Amino acid sequence: MGIETSKETSHTDPLMKAISAGHAAVFVTGNIHDFTLVGDEIAYRLELIMDQLYEQGFIVIRYSKSQGGRIHRYSSLNPKDKQVIDSRLNAVGLLPILNKDGNNTPEETRNFFRSVSRLLQLPASEVKPIAVVIDYSEHLAPAVQTSAAATDEHTFVAESLHTLANAPALRKSKNLLICFVRDGLQNILLNDMHRVDYTFPDETQTKAFINKTLNGLDANDKPQYGPLEKGLTEQDFARLTRGLRLRDVEAMLREARAENMPLNRNHVLEAKATSILRASEGTLAVMSTNLTLDDIVGLEVVKGIFTIMSQKLKTGDPTSPRSVLMVGPPGTSKSSFAPILAAICGFNILQFQNVKNMYVGESERRLRLALSLVETLAPSILFIDEITEAIPNRDAHGDSGVSLDLLGQLFKFSARDELRGKVLLLGASNVPERLDPAWHDRFIFVPFLELMPQEICLLFGTFQRRMTGKNTLDPQDLKLIESASMLHSKGASPRKILDIINHALLFSANGNLNADDILTASKDYVGSANPMAVAYTSLVAISLTSFYSFLPWSLDSENYIYPWYLEGIVDKKTGEIDRDKLHKQIQEYRKHTNL
């Protein structure tokens, strides 16, 4: 098939490389609980690590709070080796603690770590070296900041691990101490240990894994996994699942076989959304859309900008924009543009949710996890809607500095130029004046203004087609022109116009929409927008626009139909803005808003 097989051997495995480099105390985090390919075989990473240590001549003792302690592959040892090892473990008081059911008492846990500390500092010259592996270390020595108060047991374990990791006798003994821990949950005392991160699989590894699973046969020479639907190629499947754990990919194929149904694109996308939500601990949601640029009425300049951006992004061009902020009044299609841009680029698009947490330090950890996954799932777009509400500025108070820490992480993330063409930070804001000033140097600002009456006439037909599958409306119909002018004066956004079309369909005869129905619904619409607030937000958006070519009238300044609030501010012949008048009008309209 021409696919390069991923071989995670002792030469490429990051933990084995760290051990070969002489690190005796290591804490391991990242994508630990996943499958990996070793040659042509699928292996579970944790068991693979245990086997690799065993094959390198280590006696592997594995311990967790729930399972207690046990010796890896003890039954495979010859009687003589067993006798020597048992004698050595008994000498430090460890043998009675091993092979016991989990849920050790606090005193048994203390005894285990006392014994391990003595054991690992003894020279390994007479017997094989020892590797002690601690599973789920965060349960035994949690980060103090995520716990109401560290118990005596937690403190004892953390201090024991810290002392042992820094003991010269450990390095001399040729023994190993390895702690597996979820990223960000490690006790600060573990930070002196050498850190190893297992990353999520890249597209090459995913392709190799998919090829292996789809061609694998069971003992009866039948396919082990369900097939892909006709038209969904292995390459398409790999691209759709890039960045996911291999175990998530395997689960999709296993479920397809169990249901006796070929795996199709929709199933993949649904499973992917669930996997990302789970892997991100609920901090990221996957966005999708059936809309295209053709479904967006007006905003011709914005469409052109995003088309050019998408051409750069989908080729991974390092000159691609890094951070873009869409600014303008509510309901001007900013949120609709985000998944459309992702679809054009072929990027994953992810949106923040539930990043903040009540526990001190947990919000920062969750944000680190989310940003790490966004990068892992590259090429991707991270969309932050209503960014001024989602991310407070540096004047935020009352959260013990959490907002500042979150903001600092995002500032650093947005400034990473090596992610150009791989990850786009895309934001939207109705009130950009609330944005922390530091963002002004990081974002490219693109304005979204409300639709003019002639554009609303076109929008009626677009919404009719979206809801009924057909467009029978004539945008030149005088009743539609009257409706559009009326709705514009009432400050109806595209989102509200969609509601108005729904309202018209509710009372139309046989569900057949016509101009009379729309005019009736337009008259029935009360209107709630404050024209001054719309004008204010639009003028602020214009004042922040990064480039003249991004302005809505840049394509044809003389024939552009300017909204009322731009009268006297823009030279209609040249398109130039009188900045002094612009700022005076902003201050004037601000008095009439509820900001």
# chains A, B, ... in the order shown; residues from 1 in each chain; ligands from 1
>>> closest_atom_pairs(of="stretch 524-570 of chain A", to="stretch 437-441 of chain A", cutoff="12 Å", atoms="only C-alpha atoms", output="tab-separated table")
residue	atom	partner	partner_atom	distance
A:Ser543	CA	A:His440	CA	11.8
A:Leu544	CA	A:His440	CA	8.4
A:Thr545	CA	A:His440	CA	10.3
A:Ser546	CA	A:His440	CA	9.4
>>> select_by_dssp(residues="stretch 446-589 of chain A", states="alpha helix (DSSP H)", output="VMD selection string")
chain A and resid 453 to 468 478 to 489 494 to 507 515 to 524 531 to 544 579 to 589
>>> atom_distance(atom1="atom CA of A:Pro379", atom2="atom CA of A:Glu203")
10.8 Å
>>> atom_distance(atom1="atom CA of A:Leu120", atom2="atom CA of A:Phe58")
12.0 Å
>>> residues_around(residues="stretch 90-92 of chain A", least_positions_apart="4", cutoff="9 Å", atoms="only C-alpha atoms", output="list in words")
Ile85, Asp86, Pro96, Arg114, Ser115, Val116, Arg118 and Leu119 of chain A
>>> residues_around(residues="A:Gly231", least_positions_apart="5", cutoff="12 Å", atoms="only C-alpha atoms", output="JSON, numbers by chain")
{"A": [236, 237, 262, 263, 264, 265]}
>>> residues_around(residues="A:Arg247", least_positions_apart="4", cutoff="12 Å", atoms="only C-alpha atoms", output="list in words")
Asn31, Ile32, His33, Asp34, Phe35, Thr36, Leu37, Ile42, Ala43, Tyr44, Arg45, Phe200, Pro201, Thr206, Phe209, Ile210, Thr213, Thr241, Gly243, Ala251, Met252, Leu253, Arg254, Ala271, Lys272, Ser275 and Ala279 of chain A
>>> write_last_selection(atoms="N, CA and C atoms", output="tab-separated table (two decimals), in the first residue's frame")
chain	number	residue	atom	x	y	z
A	31	ASN	N	-0.20	10.91	26.00
A	31	ASN	CA	-1.08	9.88	25.45
A	31	ASN	C	-0.57	8.48	25.83
A	32	ILE	N	-0.67	8.18	27.11
A	32	ILE	CA	-0.13	6.92	27.63
A	32	ILE	C	-1.02	5.74	27.29
A	33	HIS	N	-2.31	5.89	27.52
A	33	HIS	CA	-3.25	4.77	27.42
A	33	HIS	C	-3.77	4.64	25.98
A	34	ASP	N	-2.89	4.21	25.11
A	34	ASP	CA	-3.24	4.12	23.69
A	34	ASP	C	-2.58	2.90	23.07
A	35	PHE	N	-3.03	2.55	21.87
A	35	PHE	CA	-2.36	1.52	21.09
A	35	PHE	C	-1.15	2.12	20.37
A	36	THR	N	-0.27	1.26	19.95
A	36	THR	CA	0.85	1.67	19.10
A	36	THR	C	1.19	0.48	18.20
A	37	LEU	N	1.86	0.77	17.11
A	37	LEU	CA	2.29	-0.30	16.20
A	37	LEU	C	3.75	-0.62	16.46
A	42	ILE	N	-0.07	-4.76	16.69
A	42	ILE	CA	-0.70	-3.72	17.51
A	42	ILE	C	-0.45	-4.04	18.98
A	43	ALA	N	0.03	-3.06	19.72
A	43	ALA	CA	0.32	-3.27	21.14
A	43	ALA	C	-0.32	-2.16	21.96
A	44	TYR	N	-0.68	-2.49	23.20
A	44	TYR	CA	-1.16	-1.49	24.14
A	44	TYR	C	0.08	-0.89	24.81
A	45	ARG	N	0.19	0.42	24.75
A	45	ARG	CA	1.46	1.06	25.11
A	45	ARG	C	1.94	0.71	26.51
A	200	PHE	N	0.06	12.41	20.72
A	200	PHE	CA	-1.00	11.75	19.97
A	200	PHE	C	-0.45	11.39	18.59
A	201	PRO	N	-1.01	10.38	17.94
A	201	PRO	CA	-0.45	9.93	16.67
A	201	PRO	C	-0.57	10.97	15.56
A	206	THR	N	-1.42	7.11	11.99
A	206	THR	CA	-2.83	6.74	11.86
A	206	THR	C	-3.07	5.94	10.59
A	209	PHE	N	-1.82	2.41	11.06
A	209	PHE	CA	-2.71	1.67	11.97
A	209	PHE	C	-3.99	1.26	11.23
A	210	ILE	N	-4.56	2.16	10.46
A	210	ILE	CA	-5.79	1.86	9.72
A	210	ILE	C	-5.55	0.75	8.71
A	213	THR	N	-5.38	-2.55	10.65
A	213	THR	CA	-6.65	-3.04	11.18
A	213	THR	C	-7.60	-3.47	10.07
A	241	THR	N	-9.67	11.29	10.99
A	241	THR	CA	-9.39	10.87	12.37
A	241	THR	C	-8.04	11.34	12.87
A	243	GLY	N	-5.07	12.96	14.69
A	243	GLY	CA	-5.00	13.54	16.01
A	243	GLY	C	-5.72	12.75	17.08
A	251	ALA	N	-11.89	1.61	17.99
A	251	ALA	CA	-13.25	1.45	18.52
A	251	ALA	C	-14.29	1.69	17.42
A	252	MET	N	-14.05	2.67	16.55
A	252	MET	CA	-14.98	2.93	15.44
A	252	MET	C	-15.11	1.70	14.55
A	253	LEU	N	-13.96	1.11	14.20
A	253	LEU	CA	-13.96	-0.05	13.30
A	253	LEU	C	-14.56	-1.28	13.98
A	254	ARG	N	-14.31	-1.41	15.28
A	254	ARG	CA	-14.86	-2.55	16.02
A	254	ARG	C	-16.39	-2.45	16.10
A	271	ALA	N	-18.25	10.07	16.01
A	271	ALA	CA	-17.34	9.41	16.95
A	271	ALA	C	-16.16	10.31	17.28
A	272	LYS	N	-15.69	11.05	16.28
A	272	LYS	CA	-14.57	11.96	16.49
A	272	LYS	C	-14.95	13.05	17.49
A	275	SER	N	-14.93	11.58	20.88
A	275	SER	CA	-13.57	11.28	21.33
A	275	SER	C	-12.85	12.55	21.77
A	279	ALA	N	-11.38	13.25	25.36
A	279	ALA	CA	-9.94	13.46	25.53
A	279	ALA	C	-9.63	14.84	26.11
>>> decode(residues="stretch 281-294 of chain A", atoms="all heavy atoms", output="PDB file, in the first residue's frame")
ATOM      1  N   GLU A 281     -11.482  16.397  28.190  1.00  0.00           N
ATOM      2  CA  GLU A 281     -12.186  16.516  29.472  1.00  0.00           C
ATOM      3  C   GLU A 281     -13.286  17.562  29.391  1.00  0.00           C
ATOM      4  O   GLU A 281     -13.530  18.316  30.334  1.00  0.00           O
ATOM      5  CB  GLU A 281     -11.208  16.826  30.603  1.00  0.00           C
ATOM      6  CG  GLU A 281     -10.165  15.733  30.803  1.00  0.00           C
ATOM      7  CD  GLU A 281      -9.195  16.028  31.940  1.00  0.00           C
ATOM      8  OE1 GLU A 281      -9.518  16.872  32.790  1.00  0.00           O
ATOM      9  OE2 GLU A 281      -8.126  15.400  31.969  1.00  0.00           O
ATOM     10  N   GLY A 282     -13.941  17.617  28.233  1.00  0.00           N
ATOM     11  CA  GLY A 282     -15.081  18.516  28.047  1.00  0.00           C
ATOM     12  C   GLY A 282     -14.715  19.953  27.742  1.00  0.00           C
ATOM     13  O   GLY A 282     -15.598  20.820  27.717  1.00  0.00           O
ATOM     14  N   THR A 283     -13.438  20.238  27.478  1.00  0.00           N
ATOM     15  CA  THR A 283     -13.028  21.622  27.227  1.00  0.00           C
ATOM     16  C   THR A 283     -13.140  22.022  25.762  1.00  0.00           C
ATOM     17  O   THR A 283     -13.079  23.209  25.434  1.00  0.00           O
ATOM     18  CB  THR A 283     -11.578  21.853  27.688  1.00  0.00           C
ATOM     19  OG1 THR A 283     -10.713  20.956  26.966  1.00  0.00           O
ATOM     20  CG2 THR A 283     -11.430  21.611  29.176  1.00  0.00           C
ATOM     21  N   LEU A 284     -13.270  21.041  24.857  1.00  0.00           N
ATOM     22  CA  LEU A 284     -13.354  21.327  23.430  1.00  0.00           C
ATOM     23  C   LEU A 284     -14.556  20.631  22.815  1.00  0.00           C
ATOM     24  O   LEU A 284     -14.843  19.486  23.141  1.00  0.00           O
ATOM     25  CB  LEU A 284     -12.088  20.862  22.689  1.00  0.00           C
ATOM     26  CG  LEU A 284     -10.778  21.582  22.983  1.00  0.00           C
ATOM     27  CD1 LEU A 284      -9.630  20.872  22.274  1.00  0.00           C
ATOM     28  CD2 LEU A 284     -10.839  23.043  22.563  1.00  0.00           C
ATOM     29  N   ALA A 285     -15.242  21.342  21.937  1.00  0.00           N
ATOM     30  CA  ALA A 285     -16.332  20.750  21.161  1.00  0.00           C
ATOM     31  C   ALA A 285     -15.996  20.898  19.687  1.00  0.00           C
ATOM     32  O   ALA A 285     -15.364  21.872  19.276  1.00  0.00           O
ATOM     33  CB  ALA A 285     -17.657  21.446  21.470  1.00  0.00           C
ATOM     34  N   VAL A 286     -16.404  19.918  18.886  1.00  0.00           N
ATOM     35  CA  VAL A 286     -16.175  19.959  17.451  1.00  0.00           C
ATOM     36  C   VAL A 286     -17.342  20.671  16.784  1.00  0.00           C
ATOM     37  O   VAL A 286     -18.501  20.374  17.061  1.00  0.00           O
ATOM     38  CB  VAL A 286     -16.042  18.536  16.874  1.00  0.00           C
ATOM     39  CG1 VAL A 286     -15.855  18.573  15.369  1.00  0.00           C
ATOM     40  CG2 VAL A 286     -14.872  17.816  17.523  1.00  0.00           C
ATOM     41  N   MET A 287     -17.034  21.621  15.908  1.00  0.00           N
ATOM     42  CA  MET A 287     -18.068  22.331  15.162  1.00  0.00           C
ATOM     43  C   MET A 287     -18.181  21.735  13.760  1.00  0.00           C
ATOM     44  O   MET A 287     -17.217  21.200  13.213  1.00  0.00           O
ATOM     45  CB  MET A 287     -17.726  23.821  15.044  1.00  0.00           C
ATOM     46  CG  MET A 287     -17.654  24.562  16.351  1.00  0.00           C
ATOM     47  SD  MET A 287     -17.217  26.309  16.106  1.00  0.00           S
ATOM     48  CE  MET A 287     -18.692  26.921  15.267  1.00  0.00           C
ATOM     49  N   SER A 288     -19.359  21.837  13.194  1.00  0.00           N
ATOM     50  CA  SER A 288     -19.565  21.403  11.811  1.00  0.00           C
ATOM     51  C   SER A 288     -20.654  22.263  11.197  1.00  0.00           C
ATOM     52  O   SER A 288     -21.403  22.947  11.908  1.00  0.00           O
ATOM     53  CB  SER A 288     -19.954  19.929  11.756  1.00  0.00           C
ATOM     54  OG  SER A 288     -21.185  19.719  12.436  1.00  0.00           O
ATOM     55  N   THR A 289     -20.761  22.238   9.890  1.00  0.00           N
ATOM     56  CA  THR A 289     -21.786  23.006   9.204  1.00  0.00           C
ATOM     57  C   THR A 289     -22.051  22.403   7.840  1.00  0.00           C
ATOM     58  O   THR A 289     -21.182  21.748   7.255  1.00  0.00           O
ATOM     59  CB  THR A 289     -21.356  24.478   9.041  1.00  0.00           C
ATOM     60  OG1 THR A 289     -22.440  25.222   8.473  1.00  0.00           O
ATOM     61  CG2 THR A 289     -20.138  24.607   8.125  1.00  0.00           C
ATOM     62  N   ASN A 290     -23.270  22.601   7.354  1.00  0.00           N
ATOM     63  CA  ASN A 290     -23.615  22.222   5.984  1.00  0.00           C
ATOM     64  C   ASN A 290     -23.626  23.447   5.070  1.00  0.00           C
ATOM     65  O   ASN A 290     -23.928  23.336   3.885  1.00  0.00           O
ATOM     66  CB  ASN A 290     -25.003  21.559   5.957  1.00  0.00           C
ATOM     67  CG  ASN A 290     -25.015  20.223   6.679  1.00  0.00           C
ATOM     68  OD1 ASN A 290     -24.066  19.453   6.568  1.00  0.00           O
ATOM     69  ND2 ASN A 290     -26.074  19.945   7.418  1.00  0.00           N
ATOM     70  N   LEU A 291     -23.308  24.606   5.637  1.00  0.00           N
ATOM     71  CA  LEU A 291     -23.338  25.845   4.865  1.00  0.00           C
ATOM     72  C   LEU A 291     -22.060  26.004   4.054  1.00  0.00           C
ATOM     73  O   LEU A 291     -21.008  25.462   4.388  1.00  0.00           O
ATOM     74  CB  LEU A 291     -23.508  27.052   5.794  1.00  0.00           C
ATOM     75  CG  LEU A 291     -24.758  27.085   6.682  1.00  0.00           C
ATOM     76  CD1 LEU A 291     -24.743  28.348   7.536  1.00  0.00           C
ATOM     77  CD2 LEU A 291     -26.020  27.025   5.838  1.00  0.00           C
ATOM     78  N   THR A 292     -22.172  26.777   2.977  1.00  0.00           N
ATOM     79  CA  THR A 292     -21.014  27.170   2.165  1.00  0.00           C
ATOM     80  C   THR A 292     -21.038  28.682   2.013  1.00  0.00           C
ATOM     81  O   THR A 292     -21.981  29.358   2.469  1.00  0.00           O
ATOM     82  CB  THR A 292     -21.074  26.518   0.770  1.00  0.00           C
ATOM     83  OG1 THR A 292     -22.180  27.088   0.036  1.00  0.00           O
ATOM     84  CG2 THR A 292     -21.257  25.008   0.873  1.00  0.00           C
ATOM     85  N   LEU A 293     -20.037  29.221   1.366  1.00  0.00           N
ATOM     86  CA  LEU A 293     -20.002  30.664   1.132  1.00  0.00           C
ATOM     87  C   LEU A 293     -21.213  31.126   0.325  1.00  0.00           C
ATOM     88  O   LEU A 293     -21.657  32.276   0.467  1.00  0.00           O
ATOM     89  CB  LEU A 293     -18.712  31.058   0.408  1.00  0.00           C
ATOM     90  CG  LEU A 293     -17.433  31.084   1.250  1.00  0.00           C
ATOM     91  CD1 LEU A 293     -16.241  31.484   0.392  1.00  0.00           C
ATOM     92  CD2 LEU A 293     -17.564  32.049   2.430  1.00  0.00           C
ATOM     93  N   ASP A 294     -21.756  30.247  -0.508  1.00  0.00           N
ATOM     94  CA  ASP A 294     -22.927  30.616  -1.318  1.00  0.00           C
ATOM     95  C   ASP A 294     -24.161  30.856  -0.462  1.00  0.00           C
ATOM     96  O   ASP A 294     -25.125  31.493  -0.921  1.00  0.00           O
ATOM     97  CB  ASP A 294     -23.230  29.520  -2.347  1.00  0.00           C
ATOM     98  CG  ASP A 294     -22.142  29.411  -3.407  1.00  0.00           C
ATOM     99  OD1 ASP A 294     -21.432  30.415  -3.623  1.00  0.00           O
ATOM    100  OD2 ASP A 294     -21.996  28.324  -3.997  1.00  0.00           O
TER     101      ASP A 294
END
